[in-house]
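Novice: Structure provided below as structure tokens; questions to follow.
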Amino acid sequence: MEINTREHSEHILQVHILEITGRLEAFTVAALREEQERLLNDGAENFIVDLSQTEFMDSAGMSALVSLLKRARGAGGDVVLVEPAIDATRRILTLTRFDKVFKMATTTDDALKQF
């Protein structure tokens with residue numbers, strides 16, 4: 001798994017975009033949790049998690065996303081997920097109803113409009 005992090009700033013709004021490429025699973029999730037922790041400790045509140053290039057996601061990856069959502073909302077922010085392009089990964093979000101818990105977008109630009 002590879003995580004590419006960038007920041008989008010517009011007026012007083014700051015959004016951190018986490019692009020996840022590859023497999024988000026028990027063996028790789030520690031890197032995502034570390035990056036989330038670093039950003040949250042630096043005061044980040046709003047996040048986009050771009051799953052468009054995520055090939056696979058298991059319960060450990062989903063747990064990391066829920067943790068980020070809870071902490072972001074607790075700090076007054078939010079999390080928007082960019083839908084996976086791969087059907088199997090998108091189906092996981094639908095079957096677990098994550099698409100109802102999280103705000104969803106088809107692109108990063110669409111996700112930015114939800115803040």
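Labeling convention for the structure tokens: chains A, B, ... as they appear, residues from 1 per chain, ligands from 1 in order of appearance.
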Give me the residues within 8 Å of stretch 29-34 of chain A as JSON, numbers by chain, counting only C-alpha atoms and dropping any in the same chain fewer than 6 places off.
Specialist: {"A": [3, 60, 61, 64]}
Novice: Keeping only N, CA and C atoms, write the selected residues to a file as a PDB file, in the first residue's frame.
Specialist:
ATOM      1  N   ILE A   3       0.602   5.553   0.484  1.00  0.00           N
ATOM      2  CA  ILE A   3      -0.240   6.675   0.892  1.00  0.00           C
ATOM      3  C   ILE A   3       0.412   7.953   0.406  1.00  0.00           C
ATOM      4  N   ALA A  60      -9.656  -4.436   8.995  1.00  0.00           N
ATOM      5  CA  ALA A  60      -8.656  -3.578   9.638  1.00  0.00           C
ATOM      6  C   ALA A  60      -8.612  -2.210   8.955  1.00  0.00           C
ATOM      7  N   GLY A  61      -8.687  -2.208   7.641  1.00  0.00           N
ATOM      8  CA  GLY A  61      -8.726  -0.945   6.908  1.00  0.00           C
ATOM      9  C   GLY A  61      -9.991  -0.163   7.198  1.00  0.00           C
ATOM     10  N   ALA A  64      -9.769   1.523  10.559  1.00  0.00           N
ATOM     11  CA  ALA A  64      -8.963   2.748  10.520  1.00  0.00           C
ATOM     12  C   ALA A  64      -9.785   3.919   9.994  1.00  0.00           C
TER      13      ALA A  64
END
Novice: Which parts of stretch 10-90 of chain A does DSSP call strand (DSSP E) when run on the backbone here, written out as an MDAnalysis selection string?
Specialist: chainID A and resid 10 13:24 46:57 78:82
Novice: Selection from above, N, CA and C atoms, as an mmCIF file, in the first residue's frame, can you write it?
Specialist:
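Written output follows (result.cif):
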data_model
loop_
_atom_site.group_PDB
_atom_site.id
_atom_site.type_symbol
_atom_site.label_atom_id
_atom_site.label_comp_id
_atom_site.auth_asym_id
_atom_site.auth_seq_id
_atom_site.Cartn_x
_atom_site.Cartn_y
_atom_site.Cartn_z
ATOM 1 N N GLU A 10 -8.255 26.557 1.160
ATOM 2 C CA GLU A 10 -9.086 27.541 0.473
ATOM 3 C C GLU A 10 -9.696 28.438 1.540
ATOM 4 N N LEU A 13 -10.501 27.175 5.129
ATOM 5 C CA LEU A 13 -10.720 25.732 5.102
ATOM 6 C C LEU A 13 -9.439 24.995 4.719
ATOM 7 N N GLN A 14 -9.072 24.020 5.537
ATOM 8 C CA GLN A 14 -7.958 23.131 5.224
ATOM 9 C C GLN A 14 -8.488 21.702 5.168
ATOM 10 N N VAL A 15 -8.173 21.016 4.089
ATOM 11 C CA VAL A 15 -8.587 19.628 3.927
ATOM 12 C C VAL A 15 -7.340 18.817 3.583
ATOM 13 N N HIS A 16 -7.144 17.726 4.299
ATOM 14 C CA HIS A 16 -6.027 16.828 4.022
ATOM 15 C C HIS A 16 -6.545 15.667 3.184
ATOM 16 N N ILE A 17 -5.872 15.430 2.074
ATOM 17 C CA ILE A 17 -6.281 14.389 1.142
ATOM 18 C C ILE A 17 -5.302 13.228 1.252
ATOM 19 N N LEU A 18 -5.841 12.060 1.573
ATOM 20 C CA LEU A 18 -5.045 10.846 1.680
ATOM 21 C C LEU A 18 -5.412 9.936 0.516
ATOM 22 N N GLU A 19 -4.495 9.762 -0.426
ATOM 23 C CA GLU A 19 -4.717 8.870 -1.561
ATOM 24 C C GLU A 19 -4.100 7.521 -1.231
ATOM 25 N N ILE A 20 -4.921 6.490 -1.245
ATOM 26 C CA ILE A 20 -4.460 5.152 -0.889
ATOM 27 C C ILE A 20 -4.440 4.282 -2.140
ATOM 28 N N THR A 21 -3.257 3.792 -2.460
ATOM 29 C CA THR A 21 -3.073 2.931 -3.621
ATOM 30 C C THR A 21 -2.668 1.546 -3.136
ATOM 31 N N GLY A 22 -3.305 0.528 -3.669
ATOM 32 C CA GLY A 22 -2.946 -0.838 -3.299
ATOM 33 C C GLY A 22 -3.955 -1.451 -2.348
ATOM 34 N N ARG A 23 -3.448 -2.289 -1.446
ATOM 35 C CA ARG A 23 -4.292 -3.063 -0.536
ATOM 36 C C ARG A 23 -4.288 -2.429 0.856
ATOM 37 N N LEU A 24 -5.465 -2.086 1.350
ATOM 38 C CA LEU A 24 -5.631 -1.548 2.700
ATOM 39 C C LEU A 24 -6.125 -2.689 3.568
ATOM 40 N N ASN A 46 -10.350 18.042 8.800
ATOM 41 C CA ASN A 46 -11.110 17.660 7.613
ATOM 42 C C ASN A 46 -10.246 16.803 6.694
ATOM 43 N N PHE A 47 -10.841 15.689 6.243
ATOM 44 C CA PHE A 47 -10.088 14.731 5.463
ATOM 45 C C PHE A 47 -10.894 14.231 4.273
ATOM 46 N N ILE A 48 -10.178 13.980 3.192
ATOM 47 C CA ILE A 48 -10.699 13.205 2.074
ATOM 48 C C ILE A 48 -9.815 11.979 1.989
ATOM 49 N N VAL A 49 -10.433 10.809 1.997
ATOM 50 C CA VAL A 49 -9.685 9.572 1.791
ATOM 51 C C VAL A 49 -10.059 9.076 0.401
ATOM 52 N N ASP A 50 -9.090 9.175 -0.504
ATOM 53 C CA ASP A 50 -9.298 8.801 -1.894
ATOM 54 C C ASP A 50 -9.024 7.310 -2.043
ATOM 55 N N LEU A 51 -10.085 6.554 -2.205
ATOM 56 C CA LEU A 51 -10.000 5.100 -2.357
ATOM 57 C C LEU A 51 -10.088 4.674 -3.819
ATOM 58 N N SER A 52 -9.991 5.623 -4.732
ATOM 59 C CA SER A 52 -10.196 5.299 -6.144
ATOM 60 C C SER A 52 -9.183 4.280 -6.665
ATOM 61 N N GLN A 53 -8.006 4.210 -6.064
ATOM 62 C CA GLN A 53 -6.980 3.256 -6.493
ATOM 63 C C GLN A 53 -6.730 2.165 -5.455
ATOM 64 N N THR A 54 -7.658 2.005 -4.519
ATOM 65 C CA THR A 54 -7.534 0.969 -3.499
ATOM 66 C C THR A 54 -8.058 -0.339 -4.077
ATOM 67 N N GLU A 55 -7.176 -1.336 -4.128
ATOM 68 C CA GLU A 55 -7.500 -2.612 -4.762
ATOM 69 C C GLU A 55 -8.313 -3.543 -3.874
ATOM 70 N N PHE A 56 -8.095 -3.422 -2.561
ATOM 71 C CA PHE A 56 -8.725 -4.340 -1.615
ATOM 72 C C PHE A 56 -8.761 -3.661 -0.254
ATOM 73 N N MET A 57 -9.794 -3.956 0.527
ATOM 74 C CA MET A 57 -9.887 -3.415 1.877
ATOM 75 C C MET A 57 -10.528 -4.474 2.770
ATOM 76 N N ASP A 78 -14.722 16.575 9.461
ATOM 77 C CA ASP A 78 -15.445 15.494 8.805
ATOM 78 C C ASP A 78 -14.510 14.733 7.880
ATOM 79 N N VAL A 79 -15.015 13.623 7.335
ATOM 80 C CA VAL A 79 -14.285 12.777 6.397
ATOM 81 C C VAL A 79 -15.203 12.488 5.217
ATOM 82 N N VAL A 80 -14.668 12.631 4.012
ATOM 83 C CA VAL A 80 -15.378 12.253 2.796
ATOM 84 C C VAL A 80 -14.539 11.198 2.094
ATOM 85 N N LEU A 81 -15.179 10.125 1.654
ATOM 86 C CA LEU A 81 -14.486 9.071 0.920
ATOM 87 C C LEU A 81 -14.722 9.237 -0.575
ATOM 88 N N VAL A 82 -13.646 9.083 -1.361
ATOM 89 C CA VAL A 82 -13.777 9.002 -2.813
ATOM 90 C C VAL A 82 -13.954 7.531 -3.148
#
Novice: Using DSSP on the backbone coordinates, identify all residues within chain A classified as helix (DSSP H, G or I); present the result as a PyMOL selection string.
Specialist: chain A and resi 29-41+59-74+87-95+98-101+108-112
Novice: Suppose you want the space between atom CA of A:Ala111 and atom CA of A:Glu83; what is it in Å?
Specialist: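 Answer for the atom CA of A:Ala111 to atom CA of A:Glu83 separation: 9.9 Å.
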